[in-house]
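Colleague: First the structure, which I've put down as structure tokens, then a few questions once you've had a look.
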Amino acid sequence: MKFKRSERLIDMTHYLLERPHQLVPLTFFSERYGSAKSSISEDLTIVKETFEGRGVGTVQTVPGAAGGVKYVPKVNSQEAKAMIEELCVQLESSDRLLPGGYLYMTDLLGNPQLMKSVGKLLASAFAEKDIDVIMTVATKGIPIANAIASYLNVPVVIVRRDSRVTEGSTVSINYVSGSSKRIQSMVLSKRSLKEGSKVLVVDDFMKAGGTINGMKNLLEEFSATLSGIGVLVESNSLDGRLVDDYVSLLKLSDVNEKDKQISLTEGNYFQSDLTFLP
């Protein structure tokens with residue numbers, strides 16, 4: 001069956017959007033649409049220009065016999081700033097303040113559209129990194145990790161606080177909580193993470209970074225490599241901070257528990273080594 005160009009463009013766009021970071025040979029599209037590779041290349045140029053112009057991402061070409069094209073989700077700086085400003089507005093409501101300077105975020109973490117934006121922002125930050133899997137601690141980091149994973153097209157590994165029979169044999173470590181300085185434990189199934197995996201660690205809220213530091217230590221037990229750290233909200237306090245190299249979307253810059261006032265600003269997202277769309 002011969003496809004019209006308009007039909008090819010629609011189907012090709014949908015196919016790439018559903019498979020981010022997956023290398024697709026030109027021969028696949030050529031056979032799929034019964035078209036010459038030269039026509040497919042012209043179509044991909046249109047898709048690439050549209051993606052970049054609309055802030056959807058980009059289409060990268062990999063040369064060679066084993067090459068092809070892949071869709072890499074990215075954002076432009078204007079879109080990123082708008083997303084982060086919206087997150088600030090959502091989180092600055094005074095009734096979100098919890099004892100200890102924490103924020104109530106459960107409702108936002110359950111909002112699929114909001115998590116989609118968060119996932120795209122953080123996936124863009126690590127788009128050029130070599131990542132095999134995303135790791136987070138149950139439970140609040142799971143929606144963020146899943147959102148990022150949908151754009152990076154990698155699996156999610158969930159670290160738990162205690163062992164469960166459904167996890168099989170596990171690896172357990174103790175770590176020191178950065179804020180309370182208490183000894184806590186975290187557990188990961190031996191089947192969850194392959195030896196030598198390159199891991200992106202994700203958390204919803206980072207105060208002193210004890211939980212993230214614990215996950216970094218857990219990676220050593222699997223001979224895995226840390227590819228990056230992504231955080232939704234970081235505390236402004238640097239006292240006893242255990243983690244240095246990370247990307248955050250928001251910073252909890254000021255908390256007045258007496259007056260129940262919350263102030264959030266941009267995190268270090270725009271200070272990180274990012275390549276935005278034009």
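Naming works like this for the structure tokens: A, B, ... for the chains as they're shown, residue 1 at the start of each chain, ligands 1 onward in shown order.
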For A:Gly53, find every residue with an atom within 12 Å (counting only C-alpha atoms), except residues of its own chain fewer than 3 positions away, and show them as a VMD selection string.
Modeller: chain A and resid 46 to 50 56 to 59 74 to 76 79 276 to 278
Colleague: Now that the selection is made, can you save its residues with C-alpha atoms as a PDB file, in the first residue's frame?
Modeller:
```
ATOM      1  CA  ILE A  46      10.013  18.147   8.104  1.00  0.00           C
ATOM      2  CA  VAL A  47       9.318  16.266  11.344  1.00  0.00           C
ATOM      3  CA  LYS A  48      12.605  17.466  12.863  1.00  0.00           C
ATOM      4  CA  GLU A  49      11.948  21.116  11.987  1.00  0.00           C
ATOM      5  CA  THR A  50       8.394  20.908  13.341  1.00  0.00           C
ATOM      6  CA  VAL A  56       8.566  18.953  21.214  1.00  0.00           C
ATOM      7  CA  GLY A  57      12.149  17.749  20.887  1.00  0.00           C
ATOM      8  CA  THR A  58      14.482  16.863  18.095  1.00  0.00           C
ATOM      9  CA  VAL A  59      15.158  14.018  15.688  1.00  0.00           C
ATOM     10  CA  LYS A  74      13.602  18.277  24.810  1.00  0.00           C
ATOM     11  CA  VAL A  75      12.176  21.655  25.770  1.00  0.00           C
ATOM     12  CA  ASN A  76      13.085  25.201  24.838  1.00  0.00           C
ATOM     13  CA  GLU A  79       8.691  26.495  27.790  1.00  0.00           C
ATOM     14  CA  PHE A 276      17.854  23.808  24.964  1.00  0.00           C
ATOM     15  CA  LEU A 277      15.970  23.811  21.709  1.00  0.00           C
ATOM     16  CA  PRO A 278      16.274  27.035  19.693  1.00  0.00           C
TER      17      PRO A 278
END
```
Colleague: Residues near A:Asn213, anyone? I mean within 9 Å using only C-alpha atoms, not counting same-chain ones fewer than 3 positions away, as a list in words.
Modeller: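 The contact residues come out as Tyr175, Val176, Ser177, Gly178, Gly209, Gly210, Lys216, Asn217, Leu218, Leu242 and Val243 of chain A.
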Colleague: I'd like the contact shell of A:Gln22 - 12 Å cut-off, only C-alpha atoms, skipping same-chain residues fewer than 3 positions apart - returned as an NGL selection string.
Modeller: :A and (15-19 or 25 or 59-62 or 67-73 or 150-154)
Colleague: Apply DSSP to the backbone of this structure and, from stretch 73-195 of chain A, keep only the residues in strand (DSSP E); write these as an MDAnalysis selection string.
Modeller: chainID A and resid 73 97:98 102:103 133:137 156:159 170:176 183:189
Colleague: Which of stretch 147-256 of chain A counts as alpha helix (DSSP H) under DSSP, as a list of chain:residue names please?
Modeller: A:Ala147, A:Ile148, A:Ala149, A:Ser150, A:Tyr151, A:Leu152, A:Gly210, A:Thr211, A:Ile212, A:Asn213, A:Gly214, A:Met215, A:Lys216, A:Asn217, A:Leu218, A:Leu219, A:Glu220, A:Glu221
Colleague: May I have the selected residues written with C-alpha atoms, as a PDB file, in the first residue's frame?
Modeller:
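Saved to part_16.pdb:
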```pdb
ATOM      1  CA  ALA A 147       7.177  10.373  34.126  1.00  0.00           C
ATOM      2  CA  ILE A 148      10.889  10.750  33.335  1.00  0.00           C
ATOM      3  CA  ALA A 149      11.115   7.111  32.253  1.00  0.00           C
ATOM      4  CA  SER A 150       8.345   7.612  29.692  1.00  0.00           C
ATOM      5  CA  TYR A 151      10.517  10.233  27.948  1.00  0.00           C
ATOM      6  CA  LEU A 152      13.867   8.453  28.308  1.00  0.00           C
ATOM      7  CA  GLY A 210      20.565  11.665  53.035  1.00  0.00           C
ATOM      8  CA  THR A 211      18.119   9.515  51.048  1.00  0.00           C
ATOM      9  CA  ILE A 212      19.847  10.267  47.751  1.00  0.00           C
ATOM     10  CA  ASN A 213      23.229   9.589  49.313  1.00  0.00           C
ATOM     11  CA  GLY A 214      21.862   6.267  50.540  1.00  0.00           C
ATOM     12  CA  MET A 215      20.801   5.339  47.003  1.00  0.00           C
ATOM     13  CA  LYS A 216      24.275   6.262  45.754  1.00  0.00           C
ATOM     14  CA  ASN A 217      25.759   3.870  48.317  1.00  0.00           C
ATOM     15  CA  LEU A 218      23.276   1.190  47.273  1.00  0.00           C
ATOM     16  CA  LEU A 219      24.479   1.482  43.670  1.00  0.00           C
ATOM     17  CA  GLU A 220      27.939   0.395  44.809  1.00  0.00           C
ATOM     18  CA  GLU A 221      26.484  -2.913  46.026  1.00  0.00           C
TER      19      GLU A 221
END
```
Colleague: Find the residues around stretch 4-8 of chain A up to 12 Å (only C-alpha atoms counted), leave out those fewer than 2 positions away in its own chain, and share them as a ChimeraX atom specification.
Modeller: /A:1-2,10-16,29-36,39-44,46-47
Colleague: Could the residues of stretch 175-243 of chain A that have an atom at most 10 Å from stretch 129-145 of chain A be listed as CSV, each with its closest atom pair and the distance in Å to one decimal, counting only C-alpha atoms and ordered by chain and ascending residue number?
Modeller:
```
residue,atom,partner,partner_atom,distance
A:Met186,CA,A:Val137,CA,8.4
A:Val187,CA,A:Val137,CA,9.4
A:Leu188,CA,A:Val137,CA,9.6
A:Ser192,CA,A:Val133,CA,9.8
A:Leu193,CA,A:Val133,CA,8.1
A:Lys194,CA,A:Asp132,CA,9.5
A:Gly196,CA,A:Asp132,CA,9.5
A:Ser197,CA,A:Asp132,CA,5.9
A:Lys198,CA,A:Ile131,CA,5.1
A:Val199,CA,A:Val133,CA,5.1
A:Leu200,CA,A:Ile134,CA,4.7
A:Val201,CA,A:Met135,CA,4.8
A:Val202,CA,A:Thr136,CA,5.1
A:Asp203,CA,A:Gly141,CA,5.1
A:Asp204,CA,A:Gly141,CA,5.1
A:Phe205,CA,A:Gly141,CA,8.4
A:Thr211,CA,A:Val137,CA,8.0
A:Ile212,CA,A:Thr136,CA,8.5
A:Met215,CA,A:Thr136,CA,8.0
A:Lys216,CA,A:Met135,CA,9.9
A:Leu219,CA,A:Met135,CA,9.6
A:Thr225,CA,A:Ile131,CA,9.4
A:Leu226,CA,A:Ile131,CA,8.9
A:Ser227,CA,A:Ile131,CA,6.4
A:Gly228,CA,A:Lys129,CA,8.1
A:Ile229,CA,A:Met135,CA,9.5
A:Gly230,CA,A:Ala145,CA,9.3
A:Val231,CA,A:Ile144,CA,9.1
A:Leu232,CA,A:Ile144,CA,8.1
```
Colleague: Those residues with N, CA, C and O atoms, as an mmCIF file, in the first residue's frame please?
Modeller:
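And here is the file that came out, result.cif:
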```cif
data_model
loop_
_atom_site.group_PDB
_atom_site.id
_atom_site.type_symbol
_atom_site.label_atom_id
_atom_site.label_comp_id
_atom_site.auth_asym_id
_atom_site.auth_seq_id
_atom_site.Cartn_x
_atom_site.Cartn_y
_atom_site.Cartn_z
ATOM 1 N N MET A 186 17.480 0.900 53.611
ATOM 2 C CA MET A 186 16.790 0.807 52.334
ATOM 3 C C MET A 186 17.128 -0.523 51.693
ATOM 4 O O MET A 186 18.222 -1.070 51.883
ATOM 5 N N VAL A 187 16.166 -1.036 50.927
ATOM 6 C CA VAL A 187 16.253 -2.393 50.391
ATOM 7 C C VAL A 187 15.949 -2.387 48.906
ATOM 8 O O VAL A 187 15.050 -1.679 48.449
ATOM 9 N N LEU A 188 16.696 -3.194 48.145
ATOM 10 C CA LEU A 188 16.442 -3.327 46.714
ATOM 11 C C LEU A 188 16.579 -4.788 46.310
ATOM 12 O O LEU A 188 17.532 -5.471 46.705
ATOM 13 N N SER A 192 16.315 -6.469 40.483
ATOM 14 C CA SER A 192 15.877 -5.170 39.963
ATOM 15 C C SER A 192 16.929 -4.471 39.119
ATOM 16 O O SER A 192 16.593 -3.736 38.190
ATOM 17 N N LEU A 193 18.193 -4.666 39.469
ATOM 18 C CA LEU A 193 19.246 -3.867 38.853
ATOM 19 C C LEU A 193 20.393 -4.754 38.393
ATOM 20 O O LEU A 193 20.983 -5.496 39.183
ATOM 21 N N LYS A 194 20.704 -4.671 37.100
ATOM 22 C CA LYS A 194 21.807 -5.455 36.557
ATOM 23 C C LYS A 194 23.140 -4.823 36.919
ATOM 24 O O LYS A 194 23.260 -3.602 37.023
ATOM 25 N N GLY A 196 26.572 -3.174 36.680
ATOM 26 C CA GLY A 196 27.132 -2.255 35.691
ATOM 27 C C GLY A 196 26.135 -1.279 35.094
ATOM 28 O O GLY A 196 26.496 -0.507 34.195
ATOM 29 N N SER A 197 24.890 -1.275 35.582
ATOM 30 C CA SER A 197 23.875 -0.367 35.040
ATOM 31 C C SER A 197 24.242 1.095 35.293
ATOM 32 O O SER A 197 24.877 1.432 36.304
ATOM 33 N N LYS A 198 23.831 1.951 34.376
ATOM 34 C CA LYS A 198 24.026 3.402 34.523
ATOM 35 C C LYS A 198 22.697 3.989 34.992
ATOM 36 O O LYS A 198 21.686 3.868 34.301
ATOM 37 N N VAL A 199 22.713 4.612 36.155
ATOM 38 C CA VAL A 199 21.474 4.925 36.871
ATOM 39 C C VAL A 199 21.266 6.427 37.073
ATOM 40 O O VAL A 199 22.182 7.151 37.466
ATOM 41 N N LEU A 200 20.034 6.870 36.808
ATOM 42 C CA LEU A 200 19.600 8.218 37.143
ATOM 43 C C LEU A 200 18.791 8.124 38.432
ATOM 44 O O LEU A 200 17.770 7.434 38.483
ATOM 45 N N VAL A 201 19.247 8.795 39.485
ATOM 46 C CA VAL A 201 18.563 8.788 40.784
ATOM 47 C C VAL A 201 17.616 9.976 40.858
ATOM 48 O O VAL A 201 18.000 11.105 40.522
ATOM 49 N N VAL A 202 16.385 9.723 41.322
ATOM 50 C CA VAL A 202 15.342 10.757 41.344
ATOM 51 C C VAL A 202 14.686 10.805 42.718
ATOM 52 O O VAL A 202 14.456 9.775 43.344
ATOM 53 N N ASP A 203 14.377 12.030 43.181
ATOM 54 C CA ASP A 203 13.657 12.188 44.447
ATOM 55 C C ASP A 203 12.718 13.383 44.341
ATOM 56 O O ASP A 203 12.951 14.290 43.541
ATOM 57 N N ASP A 204 11.663 13.358 45.148
ATOM 58 C CA ASP A 204 10.679 14.447 45.089
ATOM 59 C C ASP A 204 11.135 15.659 45.890
ATOM 60 O O ASP A 204 10.949 16.802 45.464
ATOM 61 N N PHE A 205 11.744 15.424 47.069
ATOM 62 C CA PHE A 205 12.154 16.535 47.929
ATOM 63 C C PHE A 205 13.507 16.211 48.546
ATOM 64 O O PHE A 205 13.702 15.149 49.123
ATOM 65 N N THR A 211 18.744 10.600 51.800
ATOM 66 C CA THR A 211 18.119 9.515 51.048
ATOM 67 C C THR A 211 18.829 9.294 49.709
ATOM 68 O O THR A 211 19.093 8.158 49.315
ATOM 69 N N ILE A 212 19.142 10.381 49.033
ATOM 70 C CA ILE A 212 19.847 10.267 47.751
ATOM 71 C C ILE A 212 21.237 9.691 47.962
ATOM 72 O O ILE A 212 21.698 8.829 47.196
ATOM 73 N N MET A 215 20.960 6.017 48.298
ATOM 74 C CA MET A 215 20.801 5.339 47.003
ATOM 75 C C MET A 215 22.123 5.255 46.260
ATOM 76 O O MET A 215 22.409 4.256 45.585
ATOM 77 N N LYS A 216 22.941 6.298 46.370
ATOM 78 C CA LYS A 216 24.275 6.262 45.754
ATOM 79 C C LYS A 216 25.100 5.131 46.350
ATOM 80 O O LYS A 216 25.791 4.400 45.622
ATOM 81 N N LEU A 219 23.990 1.765 45.021
ATOM 82 C CA LEU A 219 24.479 1.482 43.670
ATOM 83 C C LEU A 219 25.808 0.730 43.713
ATOM 84 O O LEU A 219 26.077 -0.127 42.866
ATOM 85 N N THR A 225 26.661 2.459 38.118
ATOM 86 C CA THR A 225 27.253 3.790 37.979
ATOM 87 C C THR A 225 26.183 4.865 38.064
ATOM 88 O O THR A 225 25.101 4.729 37.484
ATOM 89 N N LEU A 226 26.475 5.937 38.776
ATOM 90 C CA LEU A 226 25.556 7.066 38.872
ATOM 91 C C LEU A 226 25.695 7.952 37.640
ATOM 92 O O LEU A 226 26.760 8.496 37.366
ATOM 93 N N SER A 227 24.591 8.121 36.893
ATOM 94 C CA SER A 227 24.600 8.974 35.695
ATOM 95 C C SER A 227 24.109 10.384 35.985
ATOM 96 O O SER A 227 24.378 11.311 35.220
ATOM 97 N N GLY A 228 23.367 10.559 37.071
ATOM 98 C CA GLY A 228 22.858 11.876 37.406
ATOM 99 C C GLY A 228 21.856 11.803 38.538
ATOM 100 O O GLY A 228 21.413 10.719 38.938
ATOM 101 N N ILE A 229 21.492 12.975 39.062
ATOM 102 C CA ILE A 229 20.511 13.083 40.146
ATOM 103 C C ILE A 229 19.513 14.161 39.776
ATOM 104 O O ILE A 229 19.892 15.298 39.463
ATOM 105 N N GLY A 230 18.227 13.830 39.800
ATOM 106 C CA GLY A 230 17.169 14.786 39.499
ATOM 107 C C GLY A 230 16.243 14.961 40.689
ATOM 108 O O GLY A 230 15.824 13.970 41.298
ATOM 109 N N VAL A 231 15.928 16.207 41.024
ATOM 110 C CA VAL A 231 15.108 16.516 42.197
ATOM 111 C C VAL A 231 14.006 17.490 41.802
ATOM 112 O O VAL A 231 14.256 18.453 41.069
ATOM 113 N N LEU A 232 12.797 17.235 42.297
ATOM 114 C CA LEU A 232 11.700 18.159 42.032
ATOM 115 C C LEU A 232 11.871 19.446 42.852
ATOM 116 O O LEU A 232 11.887 20.540 42.308
#
```
Colleague: Have a look at atom CA of A:Lys260 and atom CA of A:Asn236 and let me know their distance in Å, one decimal.
Modeller: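 If I compute the distance from atom CA of A:Lys260 to atom CA of A:Asn236, I get 16.7 Å.
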Colleague: I'd like the contact shell of A:Lys258 - 12 Å cut-off, only C-alpha atoms, skipping same-chain residues fewer than 3 positions apart - returned as a ChimeraX atom specification.
Modeller: /A:94,97-101,255,261-262
Colleague: As an exercise, work out the distance from atom CA of A:Glu266 to atom CA of A:Leu103 in Å and give it to one decimal place.
Modeller: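 Result for atom CA of A:Glu266 versus atom CA of A:Leu103: 15.9 Å, one decimal.
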Colleague: Pick out the closest residue to A:Arg241 from this set: A:Lys207, A:Met105, A:Gln113, A:Arg161. Count only C-alpha atoms.
Modeller: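 Residue with the minimum atom-to-atom distance to A:Arg241: A:Lys207.
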Colleague: How many Å lie between atom CA of A:Gly110 and atom CA of A:Glu86, rounded to one decimal?
Modeller: 16.0 Å
Colleague: For A:Thr275, which of A:Phe3, A:Tyr102, A:Phe28, A:Phe126 is the closest residue, counting only C-alpha atoms?
Modeller: A:Phe126
